[in-house]
>>> print(open('structure.cif').read())   # mmCIF, C-alpha atoms; chains and numbers go by the auth columns
data_target
#
loop_
_atom_site.group_PDB
_atom_site.id
_atom_site.type_symbol
_atom_site.label_atom_id
_atom_site.label_comp_id
_atom_site.label_asym_id
_atom_site.label_seq_id
_atom_site.Cartn_x
_atom_site.Cartn_y
_atom_site.Cartn_z
_atom_site.B_iso_or_equiv
_atom_site.auth_seq_id
_atom_site.auth_asym_id
ATOM 1 C CA MET A 1 109.692 146.270 113.752 0.00 1 A
ATOM 2 C CA LYS A 2 106.498 144.276 113.929 0.00 2 A
ATOM 3 C CA ARG A 3 106.734 140.579 114.508 0.00 3 A
ATOM 4 C CA PHE A 4 105.900 137.949 111.908 0.00 4 A
ATOM 5 C CA ASP A 5 102.345 136.640 112.053 0.00 5 A
ATOM 6 C CA PHE A 6 101.259 133.727 109.881 0.00 6 A
ATOM 7 C CA SER A 7 97.507 133.952 109.460 0.00 7 A
ATOM 8 C CA LEU A 8 97.112 130.220 108.809 0.00 8 A
ATOM 9 C CA GLN A 9 99.124 129.088 111.851 0.00 9 A
ATOM 10 C CA LYS A 10 96.097 127.462 113.509 0.00 10 A
ATOM 11 C CA VAL A 11 95.385 125.487 110.348 0.00 11 A
ATOM 12 C CA LEU A 12 99.045 124.437 110.183 0.00 12 A
ATOM 13 C CA ASP A 13 98.929 123.350 113.829 0.00 13 A
ATOM 14 C CA LEU A 14 95.781 121.303 113.119 0.00 14 A
ATOM 15 C CA ARG A 15 97.391 119.650 110.108 0.00 15 A
ATOM 16 C CA GLU A 16 100.514 118.822 112.121 0.00 16 A
ATOM 17 C CA PHE A 17 98.286 117.255 114.781 0.00 17 A
ATOM 18 C CA GLU A 18 96.515 115.212 112.094 0.00 18 A
ATOM 19 C CA LYS A 19 99.919 114.135 110.765 0.00 19 A
ATOM 20 C CA LYS A 20 100.981 112.933 114.231 0.00 20 A
ATOM 21 C CA GLN A 21 97.736 110.992 114.568 0.00 21 A
ATOM 22 C CA ALA A 22 98.268 109.413 111.150 0.00 22 A
ATOM 23 C CA GLU A 23 101.818 108.436 112.200 0.00 23 A
ATOM 24 C CA ALA A 24 100.463 106.781 115.342 0.00 24 A
ATOM 25 C CA GLU A 25 97.771 104.906 113.422 0.00 25 A
ATOM 26 C CA LEU A 26 100.310 103.733 110.848 0.00 26 A
ATOM 27 C CA GLY A 27 102.579 102.530 113.636 0.00 27 A
ATOM 28 C CA LYS A 28 99.752 100.512 115.162 0.00 28 A
ATOM 29 C CA ALA A 29 98.858 98.989 111.794 0.00 29 A
ATOM 30 C CA VAL A 30 102.473 98.025 111.089 0.00 30 A
ATOM 31 C CA ALA A 31 102.776 96.544 114.590 0.00 31 A
ATOM 32 C CA GLU A 32 99.661 94.425 114.005 0.00 32 A
ATOM 33 C CA GLU A 33 101.040 93.242 110.662 0.00 33 A
ATOM 34 C CA THR A 34 104.350 92.333 112.315 0.00 34 A
ATOM 35 C CA LYS A 35 102.527 90.466 115.084 0.00 35 A
ATOM 36 C CA ILE A 36 100.653 88.357 112.520 0.00 36 A
ATOM 37 C CA GLN A 37 103.872 87.695 110.601 0.00 37 A
ATOM 38 C CA ASN A 38 105.529 86.543 113.834 0.00 38 A
ATOM 39 C CA THR A 39 102.598 84.182 114.415 0.00 39 A
ATOM 40 C CA LEU A 40 103.129 82.735 110.936 0.00 40 A
ATOM 41 C CA ASP A 41 106.822 82.273 111.669 0.00 41 A
ATOM 42 C CA MET A 42 106.022 80.436 114.919 0.00 42 A
ATOM 43 C CA ILE A 43 103.570 78.171 113.091 0.00 43 A
ATOM 44 C CA ALA A 44 106.223 77.339 110.500 0.00 44 A
ATOM 45 C CA GLU A 45 108.772 76.563 113.217 0.00 45 A
ATOM 46 C CA ALA A 46 106.281 74.350 115.065 0.00 46 A
ATOM 47 C CA HIS A 47 105.486 72.515 111.838 0.00 47 A
ATOM 48 C CA ALA A 48 109.163 71.938 111.062 0.00 48 A
ATOM 49 C CA SER A 49 109.997 70.698 114.553 0.00 49 A
ATOM 50 C CA ASN A 50 107.019 68.331 114.582 0.00 50 A
ATOM 51 C CA VAL A 51 107.917 66.939 111.165 0.00 51 A
ATOM 52 C CA ARG A 52 111.289 65.904 112.594 0.00 52 A
ATOM 53 C CA ALA A 53 109.612 64.412 115.671 0.00 53 A
ATOM 54 C CA ALA A 54 107.023 62.546 113.569 0.00 54 A
ATOM 55 C CA ASP A 55 109.692 61.111 111.283 0.00 55 A
ATOM 56 C CA SER A 56 111.508 59.561 114.201 0.00 56 A
ATOM 57 C CA SER A 57 108.300 58.221 115.794 0.00 57 A
ATOM 58 C CA LYS A 58 107.250 54.632 115.085 0.00 58 A
ATOM 59 C CA ASP A 59 104.133 54.814 117.219 0.00 59 A
ATOM 60 C CA LEU A 60 100.846 54.841 115.262 0.00 60 A
ATOM 61 C CA ALA A 61 99.067 56.918 117.898 0.00 61 A
ATOM 62 C CA GLY A 62 101.903 59.453 117.812 0.00 62 A
ATOM 63 C CA MET A 63 101.680 59.635 114.023 0.00 63 A
ATOM 64 C CA LEU A 64 97.912 60.224 114.168 0.00 64 A
ATOM 65 C CA ALA A 65 98.389 62.901 116.804 0.00 65 A
ATOM 66 C CA ALA A 66 101.060 64.539 114.659 0.00 66 A
ATOM 67 C CA GLN A 67 98.781 64.408 111.633 0.00 67 A
ATOM 68 C CA ASN A 68 95.971 66.072 113.605 0.00 68 A
ATOM 69 C CA TYR A 69 98.430 68.676 114.881 0.00 69 A
ATOM 70 C CA PHE A 70 99.537 69.381 111.302 0.00 70 A
ATOM 71 C CA ARG A 71 95.894 69.953 110.326 0.00 71 A
ATOM 72 C CA LEU A 72 95.523 72.363 113.242 0.00 72 A
ATOM 73 C CA LEU A 73 98.700 74.192 112.229 0.00 73 A
ATOM 74 C CA SER A 74 97.498 74.352 108.637 0.00 74 A
ATOM 75 C CA GLN A 75 94.168 75.804 109.759 0.00 75 A
ATOM 76 C CA GLN A 76 95.934 78.358 111.968 0.00 76 A
ATOM 77 C CA LYS A 77 98.222 79.236 109.083 0.00 77 A
ATOM 78 C CA GLU A 78 95.271 79.867 106.768 0.00 78 A
ATOM 79 C CA GLU A 79 93.578 82.069 109.375 0.00 79 A
ATOM 80 C CA ALA A 80 96.810 83.982 109.931 0.00 80 A
ATOM 81 C CA LEU A 81 97.284 84.494 106.181 0.00 81 A
ATOM 82 C CA VAL A 82 93.769 85.917 105.881 0.00 82 A
ATOM 83 C CA SER A 83 94.444 88.194 108.841 0.00 83 A
ATOM 84 C CA LEU A 84 97.778 89.227 107.331 0.00 84 A
ATOM 85 C CA ALA A 85 96.125 90.146 104.029 0.00 85 A
ATOM 86 C CA GLN A 86 93.540 92.261 105.872 0.00 86 A
ATOM 87 C CA ALA A 87 96.258 93.887 107.980 0.00 87 A
ATOM 88 C CA GLN A 88 98.269 94.718 104.857 0.00 88 A
ATOM 89 C CA VAL A 89 95.247 96.407 103.296 0.00 89 A
ATOM 90 C CA ILE A 90 94.691 98.431 106.471 0.00 90 A
ATOM 91 C CA THR A 91 98.390 99.321 106.642 0.00 91 A
ATOM 92 C CA GLU A 92 98.331 100.558 103.060 0.00 92 A
ATOM 93 C CA GLU A 93 95.247 102.691 103.811 0.00 93 A
ATOM 94 C CA LYS A 94 97.000 104.175 106.843 0.00 94 A
ATOM 95 C CA ARG A 95 100.134 104.763 104.769 0.00 95 A
ATOM 96 C CA GLU A 96 98.092 106.663 102.170 0.00 96 A
ATOM 97 C CA LYS A 97 96.433 108.700 104.917 0.00 97 A
ATOM 98 C CA MET A 98 99.896 109.504 106.278 0.00 98 A
ATOM 99 C CA ARG A 99 101.122 110.610 102.834 0.00 99 A
ATOM 100 C CA GLU A 100 98.107 112.885 102.454 0.00 100 A
ATOM 101 C CA ALA A 101 98.616 114.407 105.907 0.00 101 A
ATOM 102 C CA MET A 102 102.299 115.019 105.182 0.00 102 A
ATOM 103 C CA LYS A 103 101.457 116.621 101.842 0.00 103 A
ATOM 104 C CA ASN A 104 98.864 118.933 103.413 0.00 104 A
ATOM 105 C CA CYS A 105 101.291 119.918 106.138 0.00 105 A
ATOM 106 C CA LYS A 106 104.147 120.521 103.695 0.00 106 A
ATOM 107 C CA VAL A 107 102.019 122.846 101.556 0.00 107 A
ATOM 108 C CA LEU A 108 101.292 125.076 104.533 0.00 108 A
ATOM 109 C CA GLU A 109 104.893 124.944 105.741 0.00 109 A
ATOM 110 C CA ASN A 110 106.098 126.071 102.314 0.00 110 A
ATOM 111 C CA LEU A 111 103.540 128.881 102.288 0.00 111 A
ATOM 112 C CA ARG A 112 104.651 129.944 105.754 0.00 112 A
ATOM 113 C CA GLU A 113 108.307 129.981 104.690 0.00 113 A
ATOM 114 C CA LYS A 114 107.486 132.057 101.608 0.00 114 A
ATOM 115 C CA ARG A 115 105.502 134.566 103.617 0.00 115 A
ATOM 116 C CA MET A 116 108.258 134.765 106.228 0.00 116 A
ATOM 117 C CA SER A 117 110.804 135.398 103.505 0.00 117 A
ATOM 118 C CA ASP A 118 108.628 138.174 102.062 0.00 118 A
ATOM 119 C CA TRP A 119 108.164 139.627 105.549 0.00 119 A
ATOM 120 C CA LYS A 120 111.928 139.638 106.136 0.00 120 A
ATOM 121 C CA LYS A 121 112.516 141.411 102.814 0.00 121 A
ATOM 122 C CA GLU A 122 109.889 144.034 103.634 0.00 122 A
ATOM 123 C CA ASN A 123 111.353 144.601 107.095 0.00 123 A
ATOM 124 C CA PHE A 124 114.853 144.868 105.675 0.00 124 A
ATOM 125 C CA LYS A 125 113.690 147.497 103.178 0.00 125 A
ATOM 126 C CA ALA A 126 111.810 149.384 105.876 0.00 126 A
ATOM 127 C CA GLU A 127 114.865 149.383 108.131 0.00 127 A
ATOM 128 C CA GLU A 128 117.067 150.458 105.237 0.00 128 A
ATOM 129 C CA ASN A 129 114.708 153.366 104.451 0.00 129 A
ATOM 130 C CA GLU A 130 114.614 154.343 108.108 0.00 130 A
ATOM 131 C CA ILE A 131 118.413 154.348 108.309 0.00 131 A
ATOM 132 C CA ASP A 132 118.609 156.394 105.108 0.00 132 A
ATOM 133 C CA ASP A 133 116.136 158.897 106.580 0.00 133 A
ATOM 134 C CA ILE A 134 118.203 159.176 109.774 0.00 134 A
ATOM 135 C CA VAL A 135 121.443 159.670 107.851 0.00 135 A
ATOM 136 C CA THR A 136 119.823 162.203 105.515 0.00 136 A
ATOM 137 C CA SER A 137 118.312 164.160 108.427 0.00 137 A
ATOM 138 C CA LYS A 138 121.711 164.398 110.139 0.00 138 A
ATOM 139 C CA TRP A 139 123.278 165.868 107.008 0.00 139 A
ATOM 140 C CA ASN A 140 120.537 168.447 106.620 0.00 140 A
#
>>> encode(input="structure.cif", output="structure tokens")
Amino acid sequence: MKRFDFSLQKVLDLREFEKKQAEAELGKAVAEETKIQNTLDMIAEAHASNVRAADSSKDLAGMLAAQNYFRLLSQQKEEALVSLAQAQVITEEKREKMREAMKNCKVLENLREKRMSDWKKENFKAEENEIDDIVTSKWN
């Protein structure tokens, strides 16, 4: 019995490698998006804590400093939102690349399974014929 040989195995291996690379790139993009979101959360927490501190302060210099700090936080927030929007676009591109890589890989895997199934059927028939020949030759 000859062993199964899938003629497109090297192509399948290449596509699986591309899929792993796409997974890694998507992971990096999602991590960057999460990092920016965490920065936004920290800015919001800093703003909330300073609002409470500014409300209790009766010092004019402290109020001016708090107002300047709020402007800085607002500016940082705007920059982070722009970065987040860019990161989301990149993440979606990477996600689409990942879908395409998975689709390409799945097509070849299905083809391989079909060919293996056909190969098994052919081998089963060949073995069956061989057994029939052996049984027939013993009776003759």
>>> resolve_selection(input="structure.cif", expression="the PyMOL selection byres ((chain A and resi 18-26) around 9)", output="list in words")
Asp13, Leu14, Arg15, Glu16, Phe17, Gly27, Lys28, Ala29, Val30, Ala31, Ile90, Thr91, Glu92, Glu93, Lys94, Arg95, Lys97, Met98, Arg99, Glu100, Ala101, Met102, Asn104 and Cys105 of chain A
>>> residues_around(input="structure.cif", residues="Glu113 of chain A", least_positions_apart="3", cutoff="12 Å", atoms="all atoms listed in the file", output="PyMOL selection string")
chain A and resi 4-6+8-9+106-110+116-120
>>> closest_residue(input="structure.cif", among="A:Asp59, A:Glu32, A:Ser74, A:Leu81", to="Ala46 of chain A", atoms="all atoms listed in the file")
A:Ser74
>>> resolve_selection(input="structure.cif", expression="the PyMOL selection byres ((chain A and resi 47) around 12)", output="list in words")
Leu40, Asp41, Met42, Ile43, Ala44, Glu45, Ala46, Ala48, Ser49, Asn50, Val51, Arg52, Ala53, Ala54, Ala66, Gln67, Asn68, Tyr69, Phe70, Arg71, Leu72, Leu73, Ser74, Gln75, Gln76 and Lys77 of chain A
>>> resolve_selection(input="structure.cif", expression="the PyMOL selection byres ((chain A and resi 82-84) around 9)", output="list in words")
Glu32, Glu33, Thr34, Ile36, Gln37, Lys77, Glu78, Glu79, Ala80, Leu81, Ala85, Gln86, Ala87, Gln88 and Val89 of chain A
>>> atom_distance(input="structure.cif", atom1="atom CA of Leu111 of chain A", atom2="atom CA of Leu12 of chain A")
10.1 Å
>>> atom_distance(input="structure.cif", atom1="atom CA of Lys114 of chain A", atom2="atom CA of Arg3 of chain A")
15.5 Å
>>> axis_aligned_box(input="structure.cif", around="segment 95-103 of chain A", padding_each_side="8 Å", output="AutoDock Vina command-line options")
--center_x 99.4 --center_y 110.7 --center_z 104.1 --size_x 21.9 --size_y 27.9 --size_z 20.4
>>> atom_distance(input="structure.cif", atom1="atom CA of Lys2 of chain A", atom2="atom CA of Glu122 of chain A")
10.8 Å
>>> decode(input="structure.cif", residues="segment 1-118 of chain A", atoms="C-alpha atoms", output="short mmCIF file (atom, residue, chain, number, x, y, z; two decimals), in the first residue's frame")
data_model
loop_
_atom_site.label_atom_id
_atom_site.label_comp_id
_atom_site.auth_asym_id
_atom_site.auth_seq_id
_atom_site.Cartn_x
_atom_site.Cartn_y
_atom_site.Cartn_z
CA MET A 1 0.00 0.00 0.00
CA LYS A 2 1.47 3.31 -1.05
CA ARG A 3 1.34 6.16 1.38
CA PHE A 4 -0.84 9.24 0.95
CA ASP A 5 0.88 12.18 -0.72
CA PHE A 6 -0.84 15.55 -0.96
CA SER A 7 0.70 17.41 -3.88
CA LEU A 8 -0.18 20.84 -2.46
CA GLN A 9 1.27 20.20 1.01
CA LYS A 10 3.97 22.86 0.61
CA VAL A 11 1.35 25.42 -0.36
CA LEU A 12 -0.76 24.40 2.64
CA ASP A 13 2.27 24.73 4.92
CA LEU A 14 2.95 28.22 3.50
CA ARG A 15 -0.66 29.27 4.03
CA GLU A 16 -0.60 27.96 7.61
CA PHE A 17 2.57 29.98 8.21
CA GLU A 18 0.87 33.08 6.78
CA LYS A 19 -2.11 32.41 9.06
CA LYS A 20 0.16 32.26 12.12
CA GLN A 21 1.80 35.52 11.09
CA ALA A 22 -1.61 37.15 10.64
CA GLU A 23 -2.61 35.91 14.12
CA ALA A 24 0.53 37.46 15.61
CA GLU A 25 -0.04 40.77 13.82
CA LEU A 26 -3.66 40.85 14.95
CA GLY A 27 -2.57 40.18 18.52
CA LYS A 28 -0.13 43.08 18.39
CA ALA A 29 -2.78 45.40 16.95
CA VAL A 30 -5.32 44.42 19.62
CA ALA A 31 -2.68 44.89 22.33
CA GLU A 32 -1.92 48.40 21.03
CA GLU A 33 -5.63 49.23 20.99
CA THR A 34 -5.99 47.96 24.57
CA LYS A 35 -2.96 50.00 25.66
CA ILE A 36 -4.52 53.18 24.25
CA GLN A 37 -7.85 52.37 25.89
CA ASN A 38 -6.07 51.90 29.23
CA THR A 39 -4.44 55.31 28.76
CA LEU A 40 -7.88 56.83 28.20
CA ASP A 41 -9.15 55.15 31.35
CA MET A 42 -6.22 56.54 33.37
CA ILE A 43 -6.88 60.03 32.01
CA ALA A 44 -10.53 59.77 33.02
CA GLU A 45 -9.58 58.61 36.52
CA ALA A 46 -7.06 61.44 36.89
CA HIS A 47 -9.68 63.95 35.75
CA ALA A 48 -12.26 62.62 38.22
CA SER A 49 -9.85 62.62 41.16
CA ASN A 50 -8.67 66.15 40.39
CA VAL A 51 -12.24 67.42 40.09
CA ARG A 52 -12.83 66.26 43.67
CA ALA A 53 -9.57 67.86 44.81
CA ALA A 54 -10.34 71.14 43.01
CA ASP A 55 -13.82 71.32 44.50
CA SER A 56 -12.44 71.15 48.01
CA SER A 57 -9.66 73.68 47.29
CA LYS A 58 -10.24 77.35 48.15
CA ASP A 59 -6.83 78.47 46.94
CA LEU A 60 -6.87 80.51 43.71
CA ALA A 61 -3.44 79.27 42.65
CA GLY A 62 -4.58 75.68 43.20
CA MET A 63 -7.69 76.30 41.11
CA LEU A 64 -5.61 77.76 38.26
CA ALA A 65 -3.22 74.83 38.44
CA ALA A 66 -6.16 72.43 38.36
CA GLN A 67 -7.64 74.26 35.38
CA ASN A 68 -4.32 74.02 33.51
CA TYR A 69 -4.09 70.33 34.43
CA PHE A 70 -7.61 69.78 33.07
CA ARG A 71 -6.56 71.39 29.78
CA LEU A 72 -3.54 69.08 29.65
CA LEU A 73 -5.74 66.06 30.37
CA SER A 74 -8.20 67.17 27.70
CA GLN A 75 -5.38 67.53 25.17
CA GLN A 76 -4.02 64.09 26.10
CA LYS A 77 -7.50 62.65 25.80
CA GLU A 78 -7.93 64.08 22.30
CA GLU A 79 -4.55 62.69 21.22
CA ALA A 80 -5.42 59.30 22.69
CA LEU A 81 -8.80 59.27 20.92
CA VAL A 82 -7.11 59.98 17.58
CA SER A 83 -4.60 57.22 18.27
CA LEU A 84 -7.41 54.87 19.28
CA ALA A 85 -9.29 55.54 16.04
CA GLN A 86 -6.13 54.83 14.02
CA ALA A 87 -5.46 51.68 16.04
CA GLN A 88 -9.02 50.46 15.47
CA VAL A 89 -8.62 50.92 11.72
CA ILE A 90 -5.35 48.98 11.79
CA THR A 91 -6.92 46.26 13.95
CA GLU A 92 -9.79 45.88 11.50
CA GLU A 93 -7.31 45.60 8.59
CA LYS A 94 -5.39 42.92 10.48
CA ARG A 95 -8.64 41.14 11.32
CA GLU A 96 -9.59 41.08 7.62
CA LYS A 97 -6.13 39.78 6.72
CA MET A 98 -6.58 37.05 9.34
CA ARG A 99 -9.99 36.08 7.92
CA GLU A 100 -8.50 35.84 4.43
CA ALA A 101 -5.59 33.71 5.65
CA MET A 102 -7.96 31.39 7.51
CA LYS A 103 -10.18 31.07 4.44
CA ASN A 104 -7.22 30.24 2.18
CA CYS A 105 -5.96 27.67 4.65
CA LYS A 106 -9.39 26.09 5.10
CA VAL A 107 -9.85 25.64 1.35
CA LEU A 108 -6.63 23.66 1.10
CA GLU A 109 -7.40 21.66 4.24
CA ASN A 110 -10.78 20.68 2.80
CA LEU A 111 -9.15 19.69 -0.49
CA ARG A 112 -6.59 17.62 1.39
CA GLU A 113 -9.31 15.85 3.38
CA LYS A 114 -11.26 15.09 0.20
CA ARG A 115 -8.20 13.70 -1.54
CA MET A 116 -7.31 11.63 1.53
CA SER A 117 -10.82 10.23 1.62
CA ASP A 118 -10.59 9.31 -2.08
#
